[in-house]
Amino acid sequence: MGFEEVNARVEAAVERSGRAIGDVTLIAVSKVQPNARVASVLEKGCRIFGENRVQEAFEKWPDFKSRFDGVEVHLIGPLQTNKARQAMELFDVIQTVDRPKLAKTIARLADELGHCPRLFVQVNTGEEVQKAGILPRDADAFIIECREMGLAVEGLMCIPPADEDPAPHFDMLREIAARNGIAGLSMGMSGDFEVAIAHGATHVRVGSAIFGDRDYG
C-alpha cells in the first residue's frame with residue numbers, strides 16, 4: 001500500500017469522523033524492517049516511527065535522527081526495567097508503561113537524567129495472559145500511582161485480541177482515558193486503524209500496510 005496511501009486513508013477517516021486533519025498521528029511501525037525501507041519512508045516525509053525492541057531501535061535510529069530532522073520514535077513493545085535507562089535515552093515516547101515496578105524505575109531515572117519521554121499507559125483490554133498491559137480494572141489506580149510519582153501520563157495504548165471485534169476495546173480505552181482526563185489514545189493497526197479513528201484514536205500504529213510484510217528471517 002505504501003506511506004502516501006495509508007496517510008490519505010488516515011486523513012479520509014479523520015474527516016469522516018468529523019475531526020480536524022492533524023488530530024490523528026500516524027506512527028509508521030518500522031520493527032524488523034530493513035534500513036532501506038525505513039529510509040524510503042523517511043524520504044517521503046514520514047517522521048514518526050514505532051519500534052518494539054530497545055536494542056533494534058538503538059542500531060537504527062541514532063543514525064537516522066542525525067540525517068533527518070524532526071524524527072520522533074515511539075517504543076510500542078514491552079519494556080524490561082533493565083532496559084529503561086537505554087530506552088529513555090533514545091525514545092521520544094514510551095507507550096508501554098504497564099506496571100508499578102516499571103513506573104518507579106522511569107520516575108527514578110527521570111530524576112537522574114533530568115528528562116523523561118512522553119508516557120502512555122498500556123491497557124490489556126482483552127485481559128490476555130500472553131500480552132503486556134495493566135488490566136482494565138486496575139488502570140485507574142495505576143494512572144493515579146504514576147501521577148503521584150510525578151509521571152505525566154498523556155495517553156493510553158491497547159492491542160485488542162486478534163480474533164475479536166476491536167471496536168468495544170477501543171471504546172473501553174476511550175472511557176478509561178475520559179474519566180482520568182487523558183487525551184491520547186494509541187489504538188488501531190494496519191487492519192483496523194480506520195475503525196480506531198472512528199472510535200477516537202489520536203495515534204494509529206501502522207506497519208505492514210506502509211512497509212510491506214516483515215521478514216523475520
# chains A, B, ... in the order shown; residues from 1 in each chain; ligands from 1

call {"tool": "closest_atom_pairs", "arguments": {"of": "range 1-118 of chain A", "to": "range 149-156 of chain A", "cutoff": "10 Å", "atoms": "only C-alpha atoms", "output": "tab-separated table"}}
result
residue	atom	partner	partner_atom	distance
A:Val93	CA	A:Glu154	CA	9.9
A:Ile94	CA	A:Gly155	CA	9.9
A:Gln95	CA	A:Leu156	CA	7.4
A:Thr96	CA	A:Leu156	CA	8.7
A:Val97	CA	A:Leu156	CA	9.1
A:Ala103	CA	A:Leu151	CA	7.9
A:Lys104	CA	A:Met149	CA	7.2
A:Ile106	CA	A:Leu151	CA	8.3
A:Ala107	CA	A:Met149	CA	6.3
A:Arg108	CA	A:Met149	CA	8.9
A:Ala110	CA	A:Leu151	CA	8.9
A:Asp111	CA	A:Gly150	CA	9.7
A:Cys116	CA	A:Leu151	CA	8.4
A:Pro117	CA	A:Ala152	CA	9.6
A:Arg118	CA	A:Glu154	CA	6.9

call {"tool": "residues_around", "arguments": {"residues": "Glu56 in chain A", "least_positions_apart": "3", "cutoff": "12 Å", "atoms": "only C-alpha atoms", "output": "ChimeraX atom specification"}}
result
/A:30-35,50-53,59-62,75,77,86-87,90

call {"tool": "write_last_selection", "arguments": {"atoms": "all heavy atoms", "output": "compact mmCIF listing (two decimals), in the first residue's frame"}}
result
# COMPACT_ATOMS: atom_id res chain seq x y z
N SER A 30 8.24 0.42 12.28
CA SER A 30 9.40 0.02 11.48
C SER A 30 10.16 -1.16 12.07
O SER A 30 11.25 -1.49 11.60
CB SER A 30 10.34 1.22 11.33
OG SER A 30 10.58 1.86 12.58
N LYS A 31 9.58 -1.84 13.05
CA LYS A 31 10.26 -3.00 13.64
C LYS A 31 10.53 -4.06 12.57
O LYS A 31 9.71 -4.29 11.68
CB LYS A 31 9.43 -3.60 14.77
CG LYS A 31 8.12 -4.24 14.32
CD LYS A 31 7.39 -4.89 15.49
CE LYS A 31 6.15 -5.61 14.99
NZ LYS A 31 5.42 -6.28 16.07
N VAL A 32 11.68 -4.69 12.63
CA VAL A 32 12.10 -5.77 11.73
C VAL A 32 12.01 -5.35 10.26
O VAL A 32 11.82 -6.18 9.38
CB VAL A 32 11.29 -7.07 11.99
CG1 VAL A 32 12.05 -8.29 11.45
CG2 VAL A 32 11.01 -7.28 13.46
N GLN A 33 12.16 -4.07 9.99
CA GLN A 33 12.17 -3.60 8.60
C GLN A 33 13.60 -3.22 8.22
O GLN A 33 14.31 -2.61 9.01
CB GLN A 33 11.25 -2.39 8.41
CG GLN A 33 9.76 -2.70 8.58
CD GLN A 33 9.20 -3.57 7.46
OE1 GLN A 33 9.87 -3.85 6.47
NE2 GLN A 33 7.96 -4.01 7.64
N PRO A 34 14.02 -3.56 7.00
CA PRO A 34 15.37 -3.19 6.57
C PRO A 34 15.54 -1.67 6.53
O PRO A 34 14.58 -0.94 6.24
CB PRO A 34 15.48 -3.77 5.16
CG PRO A 34 14.29 -4.63 4.95
CD PRO A 34 13.26 -4.27 5.95
N ASN A 35 16.75 -1.22 6.78
CA ASN A 35 17.01 0.21 6.81
C ASN A 35 16.66 0.90 5.49
O ASN A 35 16.23 2.05 5.49
CB ASN A 35 18.48 0.48 7.16
CG ASN A 35 18.75 0.28 8.64
OD1 ASN A 35 17.85 -0.05 9.40
ND2 ASN A 35 19.99 0.49 9.04
N GLY A 50 7.50 3.73 15.09
CA GLY A 50 7.35 2.89 16.26
C GLY A 50 8.28 1.70 16.19
O GLY A 50 8.47 1.10 15.13
N GLU A 51 8.86 1.36 17.33
CA GLU A 51 9.75 0.21 17.43
C GLU A 51 9.35 -0.63 18.63
O GLU A 51 8.88 -0.11 19.65
CB GLU A 51 11.21 0.66 17.60
CG GLU A 51 11.81 1.30 16.36
CD GLU A 51 12.21 0.30 15.28
OE1 GLU A 51 12.27 -0.91 15.59
OE2 GLU A 51 12.46 0.73 14.14
N ASN A 52 9.57 -1.96 18.51
CA ASN A 52 9.21 -2.88 19.58
C ASN A 52 10.35 -3.20 20.53
O ASN A 52 10.09 -3.50 21.70
CB ASN A 52 8.71 -4.21 18.99
CG ASN A 52 7.21 -4.22 18.78
OD1 ASN A 52 6.64 -3.24 18.31
ND2 ASN A 52 6.57 -5.32 19.13
N ARG A 53 11.57 -3.13 20.03
CA ARG A 53 12.70 -3.59 20.84
C ARG A 53 13.73 -2.47 20.99
O ARG A 53 14.11 -1.83 20.01
CB ARG A 53 13.36 -4.82 20.22
CG ARG A 53 12.45 -6.03 20.16
CD ARG A 53 13.14 -7.22 19.53
NE ARG A 53 12.26 -8.37 19.43
CZ ARG A 53 12.06 -9.24 20.42
NH1 ARG A 53 12.69 -9.08 21.58
NH2 ARG A 53 11.25 -10.27 20.26
N GLU A 59 20.18 0.29 17.15
CA GLU A 59 21.00 0.00 15.97
C GLU A 59 20.55 0.79 14.74
O GLU A 59 21.27 0.86 13.75
CB GLU A 59 20.94 -1.50 15.67
CG GLU A 59 21.62 -2.34 16.75
CD GLU A 59 21.29 -3.83 16.65
OE1 GLU A 59 20.52 -4.19 15.73
OE2 GLU A 59 21.78 -4.60 17.49
N LYS A 60 19.39 1.39 14.80
CA LYS A 60 18.77 2.01 13.64
C LYS A 60 18.64 3.53 13.76
O LYS A 60 18.98 4.28 12.85
CB LYS A 60 17.38 1.38 13.46
CG LYS A 60 16.59 1.83 12.27
CD LYS A 60 15.20 1.18 12.28
CE LYS A 60 15.24 -0.34 12.19
NZ LYS A 60 13.88 -0.93 12.27
N TRP A 61 18.14 4.01 14.90
CA TRP A 61 17.63 5.39 14.94
C TRP A 61 18.64 6.48 15.22
O TRP A 61 18.45 7.62 14.75
CB TRP A 61 16.42 5.47 15.87
CG TRP A 61 15.26 4.84 15.16
CD1 TRP A 61 14.71 3.61 15.38
CD2 TRP A 61 14.59 5.37 14.03
NE1 TRP A 61 13.72 3.36 14.47
CE2 TRP A 61 13.63 4.41 13.62
CE3 TRP A 61 14.70 6.57 13.32
CZ2 TRP A 61 12.78 4.63 12.53
CZ3 TRP A 61 13.85 6.77 12.24
CH2 TRP A 61 12.92 5.81 11.86
N PRO A 62 19.70 6.27 15.98
CA PRO A 62 20.65 7.39 16.13
C PRO A 62 21.17 7.90 14.79
O PRO A 62 21.27 9.12 14.57
CB PRO A 62 21.77 6.78 16.99
CG PRO A 62 21.05 5.75 17.82
CD PRO A 62 20.03 5.15 16.89
N LEU A 75 8.38 3.86 21.55
CA LEU A 75 8.51 2.45 21.95
C LEU A 75 7.12 1.89 22.12
O LEU A 75 6.33 2.37 22.96
CB LEU A 75 9.29 2.32 23.26
CG LEU A 75 9.45 0.88 23.77
CD1 LEU A 75 10.24 0.01 22.79
CD2 LEU A 75 10.11 0.84 25.14
N GLY A 77 6.67 -1.68 22.17
CA GLY A 77 6.81 -3.05 22.65
C GLY A 77 7.09 -3.05 24.15
O GLY A 77 7.42 -2.02 24.73
N GLN A 86 18.31 2.92 28.86
CA GLN A 86 18.62 2.98 27.43
C GLN A 86 17.41 3.51 26.65
O GLN A 86 17.54 4.33 25.74
CB GLN A 86 19.02 1.59 26.95
CG GLN A 86 19.77 1.57 25.64
CD GLN A 86 20.24 0.16 25.26
OE1 GLN A 86 19.75 -0.83 25.80
NE2 GLN A 86 21.17 0.08 24.33
N ALA A 87 16.23 3.01 27.01
CA ALA A 87 15.01 3.45 26.32
C ALA A 87 14.77 4.94 26.51
O ALA A 87 14.39 5.65 25.56
CB ALA A 87 13.81 2.65 26.83
N LEU A 90 16.81 7.17 24.19
CA LEU A 90 16.55 7.14 22.75
C LEU A 90 15.14 7.54 22.37
O LEU A 90 14.94 8.31 21.43
CB LEU A 90 16.84 5.74 22.19
CG LEU A 90 16.49 5.56 20.71
CD1 LEU A 90 17.43 6.40 19.83
CD2 LEU A 90 16.55 4.10 20.29

call {"tool": "residues_around", "arguments": {"residues": "range 14-22 of chain A", "least_positions_apart": "6", "cutoff": "10 Å", "atoms": "only C-alpha atoms", "output": "PyMOL selection string"}}
result
chain A and resi 8+194-195+197-202

call {"tool": "write_last_selection", "arguments": {"atoms": "all heavy atoms", "output": "tab-separated table (two decimals), in the first residue's frame"}}
result
chain	number	residue	atom	x	y	z
A	8	ALA	N	-3.26	9.03	3.29
A	8	ALA	CA	-4.51	9.52	2.69
A	8	ALA	C	-5.72	8.85	3.34
A	8	ALA	O	-6.75	9.51	3.58
A	8	ALA	CB	-4.49	9.27	1.18
A	194	GLU	N	-8.80	2.51	10.63
A	194	GLU	CA	-9.94	3.37	10.32
A	194	GLU	C	-11.06	3.22	11.36
A	194	GLU	O	-11.70	4.21	11.75
A	194	GLU	CB	-10.44	3.07	8.90
A	194	GLU	CG	-9.48	3.63	7.85
A	194	GLU	CD	-9.47	2.84	6.54
A	194	GLU	OE1	-9.47	1.60	6.59
A	194	GLU	OE2	-9.44	3.49	5.48
A	195	VAL	N	-11.25	2.00	11.85
A	195	VAL	CA	-12.21	1.77	12.94
A	195	VAL	C	-11.74	2.52	14.19
A	195	VAL	O	-12.53	3.18	14.88
A	195	VAL	CB	-12.34	0.26	13.24
A	195	VAL	CG1	-13.26	0.02	14.44
A	195	VAL	CG2	-12.85	-0.49	12.02
A	197	ILE	N	-9.91	5.20	14.41
A	197	ILE	CA	-10.11	6.64	14.26
A	197	ILE	C	-11.57	7.00	14.50
A	197	ILE	O	-11.89	8.00	15.17
A	197	ILE	CB	-9.63	7.09	12.86
A	197	ILE	CG1	-8.10	7.01	12.79
A	197	ILE	CG2	-10.10	8.52	12.55
A	197	ILE	CD1	-7.52	7.15	11.39
A	198	ALA	N	-12.49	6.17	14.00
A	198	ALA	CA	-13.92	6.42	14.23
A	198	ALA	C	-14.27	6.36	15.71
A	198	ALA	O	-15.25	6.99	16.14
A	198	ALA	CB	-14.75	5.39	13.45
A	199	HIS	N	-13.46	5.64	16.49
A	199	HIS	CA	-13.74	5.50	17.92
A	199	HIS	C	-12.83	6.39	18.78
A	199	HIS	O	-12.74	6.19	19.98
A	199	HIS	CB	-13.61	4.03	18.33
A	199	HIS	CG	-14.76	3.19	17.84
A	199	HIS	ND1	-15.83	2.85	18.61
A	199	HIS	CD2	-15.00	2.65	16.61
A	199	HIS	CE1	-16.69	2.13	17.91
A	199	HIS	NE2	-16.21	1.99	16.68
A	200	GLY	N	-12.16	7.35	18.14
A	200	GLY	CA	-11.46	8.37	18.91
A	200	GLY	C	-9.96	8.29	18.98
A	200	GLY	O	-9.34	9.06	19.73
A	201	ALA	N	-9.33	7.40	18.21
A	201	ALA	CA	-7.86	7.29	18.26
A	201	ALA	C	-7.21	8.63	17.96
A	201	ALA	O	-7.64	9.36	17.07
A	201	ALA	CB	-7.37	6.25	17.27
A	202	THR	N	-6.14	8.92	18.70
A	202	THR	CA	-5.29	10.08	18.38
A	202	THR	C	-3.97	9.64	17.76
A	202	THR	O	-3.27	10.44	17.15
A	202	THR	CB	-4.98	10.91	19.64
A	202	THR	OG1	-4.27	10.08	20.58
A	202	THR	CG2	-6.26	11.43	20.28

call {"tool": "atom_distance", "arguments": {"atom1": "CA of Asn124 in chain A", "atom2": "CA of Pro136 in chain A"}}
result
6.6 Å

call {"tool": "residues_around", "arguments": {"residues": "Arg37 in chain A", "least_positions_apart": "6", "cutoff": "10 Å", "atoms": "only C-alpha atoms", "output": "list in words"}}
result
Ser30, Glu43, Ile210, Phe211 and Gly212 of chain A

call {"tool": "residues_around", "arguments": {"residues": "Leu135 in chain A", "least_positions_apart": "2", "cutoff": "10 Å", "atoms": "only C-alpha atoms", "output": "number ranges by chain"}}
result
A: 98-99, 122-128, 132-133, 137-140, 142

call {"tool": "closest_residue", "arguments": {"among": "A:Ile134, A:Val206, A:Met187, A:Ala13", "to": "Ile159 in chain A", "atoms": "only C-alpha atoms"}}
result
A:Met187

call {"tool": "select_by_dssp", "arguments": {"residues": "range 11-162 of chain A", "states": "alpha helix (DSSP H)", "output": "JSON, numbers by chain"}}
result
{"A": [11, 12, 13, 14, 15, 16, 35, 36, 37, 38, 39, 40, 41, 42, 43, 54, 55, 56, 57, 58, 59, 60, 61, 62, 63, 64, 65, 66, 67, 84, 85, 86, 87, 88, 89, 90, 100, 101, 102, 103, 104, 105, 106, 107, 108, 109, 110, 111, 112, 113, 136, 137, 138, 139, 140, 141, 142, 143, 144, 145, 146, 147, 148]}

call {"tool": "write_last_selection", "arguments": {"atoms": "C-alpha atoms", "output": "mmCIF file, in the first residue's frame"}}
result
data_model
loop_
_atom_site.group_PDB
_atom_site.id
_atom_site.type_symbol
_atom_site.label_atom_id
_atom_site.label_comp_id
_atom_site.auth_asym_id
_atom_site.auth_seq_id
_atom_site.Cartn_x
_atom_site.Cartn_y
_atom_site.Cartn_z
ATOM 1 C CA GLU A 11 -6.923 11.728 6.625
ATOM 2 C CA ALA A 12 -10.126 10.453 4.995
ATOM 3 C CA ALA A 13 -11.085 8.546 8.161
ATOM 4 C CA VAL A 14 -10.414 11.663 10.258
ATOM 5 C CA GLU A 15 -12.679 13.723 8.005
ATOM 6 C CA ARG A 16 -15.431 11.078 8.148
ATOM 7 C CA ASN A 35 17.010 0.210 6.809
ATOM 8 C CA ALA A 36 16.489 0.799 3.075
ATOM 9 C CA ARG A 37 12.711 0.574 3.503
ATOM 10 C CA VAL A 38 12.809 2.866 6.519
ATOM 11 C CA ALA A 39 14.945 5.401 4.656
ATOM 12 C CA SER A 40 12.483 5.341 1.760
ATOM 13 C CA VAL A 41 9.576 6.191 4.080
ATOM 14 C CA LEU A 42 11.626 8.932 5.748
ATOM 15 C CA GLU A 43 12.336 10.409 2.327
ATOM 16 C CA VAL A 54 15.166 -1.242 22.502
ATOM 17 C CA GLN A 55 18.262 -2.893 21.035
ATOM 18 C CA GLU A 56 16.955 -2.925 17.475
ATOM 19 C CA ALA A 57 15.992 0.739 17.769
ATOM 20 C CA PHE A 58 19.471 1.645 19.008
ATOM 21 C CA GLU A 59 21.000 0.001 15.972
ATOM 22 C CA LYS A 60 18.772 2.013 13.638
ATOM 23 C CA TRP A 61 17.632 5.388 14.941
ATOM 24 C CA PRO A 62 20.654 7.388 16.132
ATOM 25 C CA ASP A 63 21.928 7.409 12.540
ATOM 26 C CA PHE A 64 18.539 8.243 11.025
ATOM 27 C CA LYS A 65 17.981 11.004 13.593
ATOM 28 C CA SER A 66 21.303 12.556 12.601
ATOM 29 C CA ARG A 67 20.312 12.517 8.918
ATOM 30 C CA ALA A 84 14.627 1.500 30.884
ATOM 31 C CA ARG A 85 17.647 3.840 31.011
ATOM 32 C CA GLN A 86 18.622 2.985 27.434
ATOM 33 C CA ALA A 87 15.008 3.446 26.322
ATOM 34 C CA MET A 88 14.754 6.848 27.987
ATOM 35 C CA GLU A 89 17.903 7.992 26.216
ATOM 36 C CA LEU A 90 16.551 7.141 22.749
ATOM 37 C CA PRO A 100 4.291 -0.202 39.103
ATOM 38 C CA LYS A 101 7.881 -1.511 39.051
ATOM 39 C CA LEU A 102 8.470 -0.015 35.602
ATOM 40 C CA ALA A 103 6.797 3.274 36.544
ATOM 41 C CA LYS A 104 9.008 3.568 39.639
ATOM 42 C CA THR A 105 12.119 2.890 37.545
ATOM 43 C CA ILE A 106 11.139 5.544 34.992
ATOM 44 C CA ALA A 107 10.427 8.070 37.758
ATOM 45 C CA ARG A 108 13.827 7.440 39.362
ATOM 46 C CA LEU A 109 15.656 7.682 36.049
ATOM 47 C CA ALA A 110 13.762 10.847 35.117
ATOM 48 C CA ASP A 111 15.168 12.456 38.265
ATOM 49 C CA GLU A 112 18.672 11.213 37.461
ATOM 50 C CA LEU A 113 18.624 12.140 33.777
ATOM 51 C CA PRO A 136 -8.694 -2.559 32.869
ATOM 52 C CA ARG A 137 -9.919 -2.886 36.456
ATOM 53 C CA ASP A 138 -6.526 -1.724 37.728
ATOM 54 C CA ALA A 139 -5.994 1.087 35.214
ATOM 55 C CA ASP A 140 -7.473 3.991 37.183
ATOM 56 C CA ALA A 141 -5.434 3.207 40.312
ATOM 57 C CA PHE A 142 -2.279 2.719 38.257
ATOM 58 C CA ILE A 143 -2.692 6.071 36.486
ATOM 59 C CA ILE A 144 -3.085 7.756 39.884
ATOM 60 C CA GLU A 145 0.028 5.939 41.139
ATOM 61 C CA CYS A 146 2.035 7.125 38.122
ATOM 62 C CA ARG A 147 0.928 10.711 38.694
ATOM 63 C CA GLU A 148 1.835 10.516 42.369
#

call {"tool": "select_by_dssp", "arguments": {"residues": "range 14-198 of chain A", "states": "strand (DSSP E or B)", "output": "PyMOL selection string"}}
result
chain A and resi 25-29+48-51+72-75+93-97+118-123+134+153-157+184-186

call {"tool": "atom_distance", "arguments": {"atom1": "CA of Gly2 in chain A", "atom2": "CA of Asp69 in chain A"}}
result
21.4 Å

call {"tool": "closest_residue", "arguments": {"among": "A:Val24, A:Ile48, A:Val29, A:Val204", "to": "Met157 in chain A", "atoms": "only C-alpha atoms"}}
result
A:Val204

call {"tool": "decode", "arguments": {"residues": "range 4-40 of chain A", "atoms": "N, CA and C atoms", "output": "PDB file, in the first residue's frame"}}
result
ATOM      1  N   GLU A   4       2.092   6.971   1.427  1.00  0.00           N
ATOM      2  CA  GLU A   4       1.187   8.008   0.937  1.00  0.00           C
ATOM      3  C   GLU A   4      -0.263   7.537   0.975  1.00  0.00           C
ATOM      4  N   GLU A   5      -0.511   6.291   0.570  1.00  0.00           N
ATOM      5  CA  GLU A   5      -1.888   5.794   0.558  1.00  0.00           C
ATOM      6  C   GLU A   5      -2.428   5.635   1.973  1.00  0.00           C
ATOM      7  N   VAL A   6      -1.605   5.109   2.894  1.00  0.00           N
ATOM      8  CA  VAL A   6      -2.054   4.977   4.281  1.00  0.00           C
ATOM      9  C   VAL A   6      -2.352   6.356   4.860  1.00  0.00           C
ATOM     10  N   ASN A   7      -1.477   7.315   4.606  1.00  0.00           N
ATOM     11  CA  ASN A   7      -1.683   8.660   5.120  1.00  0.00           C
ATOM     12  C   ASN A   7      -2.987   9.249   4.580  1.00  0.00           C
ATOM     13  N   ALA A   8      -3.262   9.027   3.288  1.00  0.00           N
ATOM     14  CA  ALA A   8      -4.507   9.520   2.687  1.00  0.00           C
ATOM     15  C   ALA A   8      -5.723   8.853   3.336  1.00  0.00           C
ATOM     16  N   ARG A   9      -5.615   7.557   3.613  1.00  0.00           N
ATOM     17  CA  ARG A   9      -6.724   6.851   4.260  1.00  0.00           C
ATOM     18  C   ARG A   9      -6.933   7.335   5.693  1.00  0.00           C
ATOM     19  N   VAL A  10      -5.844   7.644   6.396  1.00  0.00           N
ATOM     20  CA  VAL A  10      -5.965   8.218   7.741  1.00  0.00           C
ATOM     21  C   VAL A  10      -6.708   9.554   7.663  1.00  0.00           C
ATOM     22  N   GLU A  11      -6.293  10.411   6.742  1.00  0.00           N
ATOM     23  CA  GLU A  11      -6.923  11.728   6.625  1.00  0.00           C
ATOM     24  C   GLU A  11      -8.400  11.594   6.255  1.00  0.00           C
ATOM     25  N   ALA A  12      -8.728  10.663   5.374  1.00  0.00           N
ATOM     26  CA  ALA A  12     -10.126  10.453   4.995  1.00  0.00           C
ATOM     27  C   ALA A  12     -10.948   9.965   6.185  1.00  0.00           C
ATOM     28  N   ALA A  13     -10.382   9.060   6.980  1.00  0.00           N
ATOM     29  CA  ALA A  13     -11.085   8.546   8.161  1.00  0.00           C
ATOM     30  C   ALA A  13     -11.281   9.651   9.196  1.00  0.00           C
ATOM     31  N   VAL A  14     -10.290  10.526   9.335  1.00  0.00           N
ATOM     32  CA  VAL A  14     -10.414  11.663  10.258  1.00  0.00           C
ATOM     33  C   VAL A  14     -11.553  12.569   9.810  1.00  0.00           C
ATOM     34  N   GLU A  15     -11.615  12.860   8.523  1.00  0.00           N
ATOM     35  CA  GLU A  15     -12.679  13.723   8.005  1.00  0.00           C
ATOM     36  C   GLU A  15     -14.047  13.081   8.202  1.00  0.00           C
ATOM     37  N   ARG A  16     -14.152  11.784   7.958  1.00  0.00           N
ATOM     38  CA  ARG A  16     -15.431  11.078   8.148  1.00  0.00           C
ATOM     39  C   ARG A  16     -15.898  11.150   9.590  1.00  0.00           C
ATOM     40  N   SER A  17     -14.955  11.163  10.517  1.00  0.00           N
ATOM     41  CA  SER A  17     -15.324  11.193  11.938  1.00  0.00           C
ATOM     42  C   SER A  17     -15.591  12.614  12.436  1.00  0.00           C
ATOM     43  N   GLY A  18     -15.525  13.588  11.525  1.00  0.00           N
ATOM     44  CA  GLY A  18     -15.834  14.971  11.892  1.00  0.00           C
ATOM     45  C   GLY A  18     -14.751  15.664  12.688  1.00  0.00           C
ATOM     46  N   ARG A  19     -13.536  15.156  12.592  1.00  0.00           N
ATOM     47  CA  ARG A  19     -12.411  15.752  13.319  1.00  0.00           C
ATOM     48  C   ARG A  19     -11.508  16.495  12.346  1.00  0.00           C
ATOM     49  N   ALA A  20     -10.561  17.225  12.907  1.00  0.00           N
ATOM     50  CA  ALA A  20      -9.665  18.028  12.078  1.00  0.00           C
ATOM     51  C   ALA A  20      -8.441  17.217  11.674  1.00  0.00           C
ATOM     52  N   ILE A  21      -7.983  17.414  10.425  1.00  0.00           N
ATOM     53  CA  ILE A  21      -6.713  16.828   9.996  1.00  0.00           C
ATOM     54  C   ILE A  21      -5.632  17.311  10.963  1.00  0.00           C
ATOM     55  N   GLY A  22      -4.843  16.394  11.429  1.00  0.00           N
ATOM     56  CA  GLY A  22      -3.857  16.729  12.458  1.00  0.00           C
ATOM     57  C   GLY A  22      -4.253  16.219  13.832  1.00  0.00           C
ATOM     58  N   ASP A  23      -5.536  15.821  13.976  1.00  0.00           N
ATOM     59  CA  ASP A  23      -5.972  15.251  15.253  1.00  0.00           C
ATOM     60  C   ASP A  23      -5.423  13.845  15.465  1.00  0.00           C
ATOM     61  N   VAL A  24      -5.029  13.176  14.373  1.00  0.00           N
ATOM     62  CA  VAL A  24      -4.545  11.795  14.459  1.00  0.00           C
ATOM     63  C   VAL A  24      -3.124  11.718  13.921  1.00  0.00           C
ATOM     64  N   THR A  25      -2.249  11.132  14.716  1.00  0.00           N
ATOM     65  CA  THR A  25      -0.848  10.948  14.347  1.00  0.00           C
ATOM     66  C   THR A  25      -0.640   9.548  13.799  1.00  0.00           C
ATOM     67  N   LEU A  26      -0.079   9.464  12.607  1.00  0.00           N
ATOM     68  CA  LEU A  26       0.254   8.174  12.002  1.00  0.00           C
ATOM     69  C   LEU A  26       1.665   7.780  12.427  1.00  0.00           C
ATOM     70  N   ILE A  27       1.768   6.627  13.099  1.00  0.00           N
ATOM     71  CA  ILE A  27       3.057   6.083  13.525  1.00  0.00           C
ATOM     72  C   ILE A  27       3.416   4.934  12.591  1.00  0.00           C
ATOM     73  N   ALA A  28       4.510   5.069  11.868  1.00  0.00           N
ATOM     74  CA  ALA A  28       4.975   4.011  10.969  1.00  0.00           C
ATOM     75  C   ALA A  28       5.780   2.994  11.778  1.00  0.00           C
ATOM     76  N   VAL A  29       5.263   1.779  11.892  1.00  0.00           N
ATOM     77  CA  VAL A  29       5.895   0.768  12.736  1.00  0.00           C
ATOM     78  C   VAL A  29       7.002   0.086  11.929  1.00  0.00           C
ATOM     79  N   SER A  30       8.238   0.418  12.284  1.00  0.00           N
ATOM     80  CA  SER A  30       9.405   0.022  11.484  1.00  0.00           C
ATOM     81  C   SER A  30      10.157  -1.161  12.070  1.00  0.00           C
ATOM     82  N   LYS A  31       9.576  -1.842  13.054  1.00  0.00           N
ATOM     83  CA  LYS A  31      10.258  -3.004  13.642  1.00  0.00           C
ATOM     84  C   LYS A  31      10.527  -4.057  12.568  1.00  0.00           C
ATOM     85  N   VAL A  32      11.685  -4.686  12.628  1.00  0.00           N
ATOM     86  CA  VAL A  32      12.099  -5.765  11.734  1.00  0.00           C
ATOM     87  C   VAL A  32      12.008  -5.351  10.260  1.00  0.00           C
ATOM     88  N   GLN A  33      12.161  -4.065   9.991  1.00  0.00           N
ATOM     89  CA  GLN A  33      12.170  -3.600   8.601  1.00  0.00           C
ATOM     90  C   GLN A  33      13.597  -3.220   8.221  1.00  0.00           C
ATOM     91  N   PRO A  34      14.025  -3.556   6.998  1.00  0.00           N
ATOM     92  CA  PRO A  34      15.372  -3.187   6.567  1.00  0.00           C
ATOM     93  C   PRO A  34      15.538  -1.668   6.528  1.00  0.00           C
ATOM     94  N   ASN A  35      16.752  -1.221   6.785  1.00  0.00           N
ATOM     95  CA  ASN A  35      17.010   0.210   6.809  1.00  0.00           C
ATOM     96  C   ASN A  35      16.657   0.896   5.492  1.00  0.00           C
ATOM     97  N   ALA A  36      16.808   0.185   4.368  1.00  0.00           N
ATOM     98  CA  ALA A  36      16.489   0.799   3.075  1.00  0.00           C
ATOM     99  C   ALA A  36      15.013   1.151   2.991  1.00  0.00           C
ATOM    100  N   ARG A  37      14.152   0.272   3.508  1.00  0.00           N
ATOM    101  CA  ARG A  37      12.711   0.574   3.503  1.00  0.00           C
ATOM    102  C   ARG A  37      12.404   1.757   4.414  1.00  0.00           C
ATOM    103  N   VAL A  38      13.045   1.777   5.578  1.00  0.00           N
ATOM    104  CA  VAL A  38      12.809   2.866   6.519  1.00  0.00           C
ATOM    105  C   VAL A  38      13.269   4.187   5.914  1.00  0.00           C
ATOM    106  N   ALA A  39      14.435   4.185   5.285  1.00  0.00           N
ATOM    107  CA  ALA A  39      14.945   5.401   4.656  1.00  0.00           C
ATOM    108  C   ALA A  39      13.995   5.891   3.568  1.00  0.00           C
ATOM    109  N   SER A  40      13.423   4.966   2.814  1.00  0.00           N
ATOM    110  CA  SER A  40      12.483   5.341   1.760  1.00  0.00           C
ATOM    111  C   SER A  40      11.265   6.057   2.334  1.00  0.00           C
TER     112      SER A  40
END
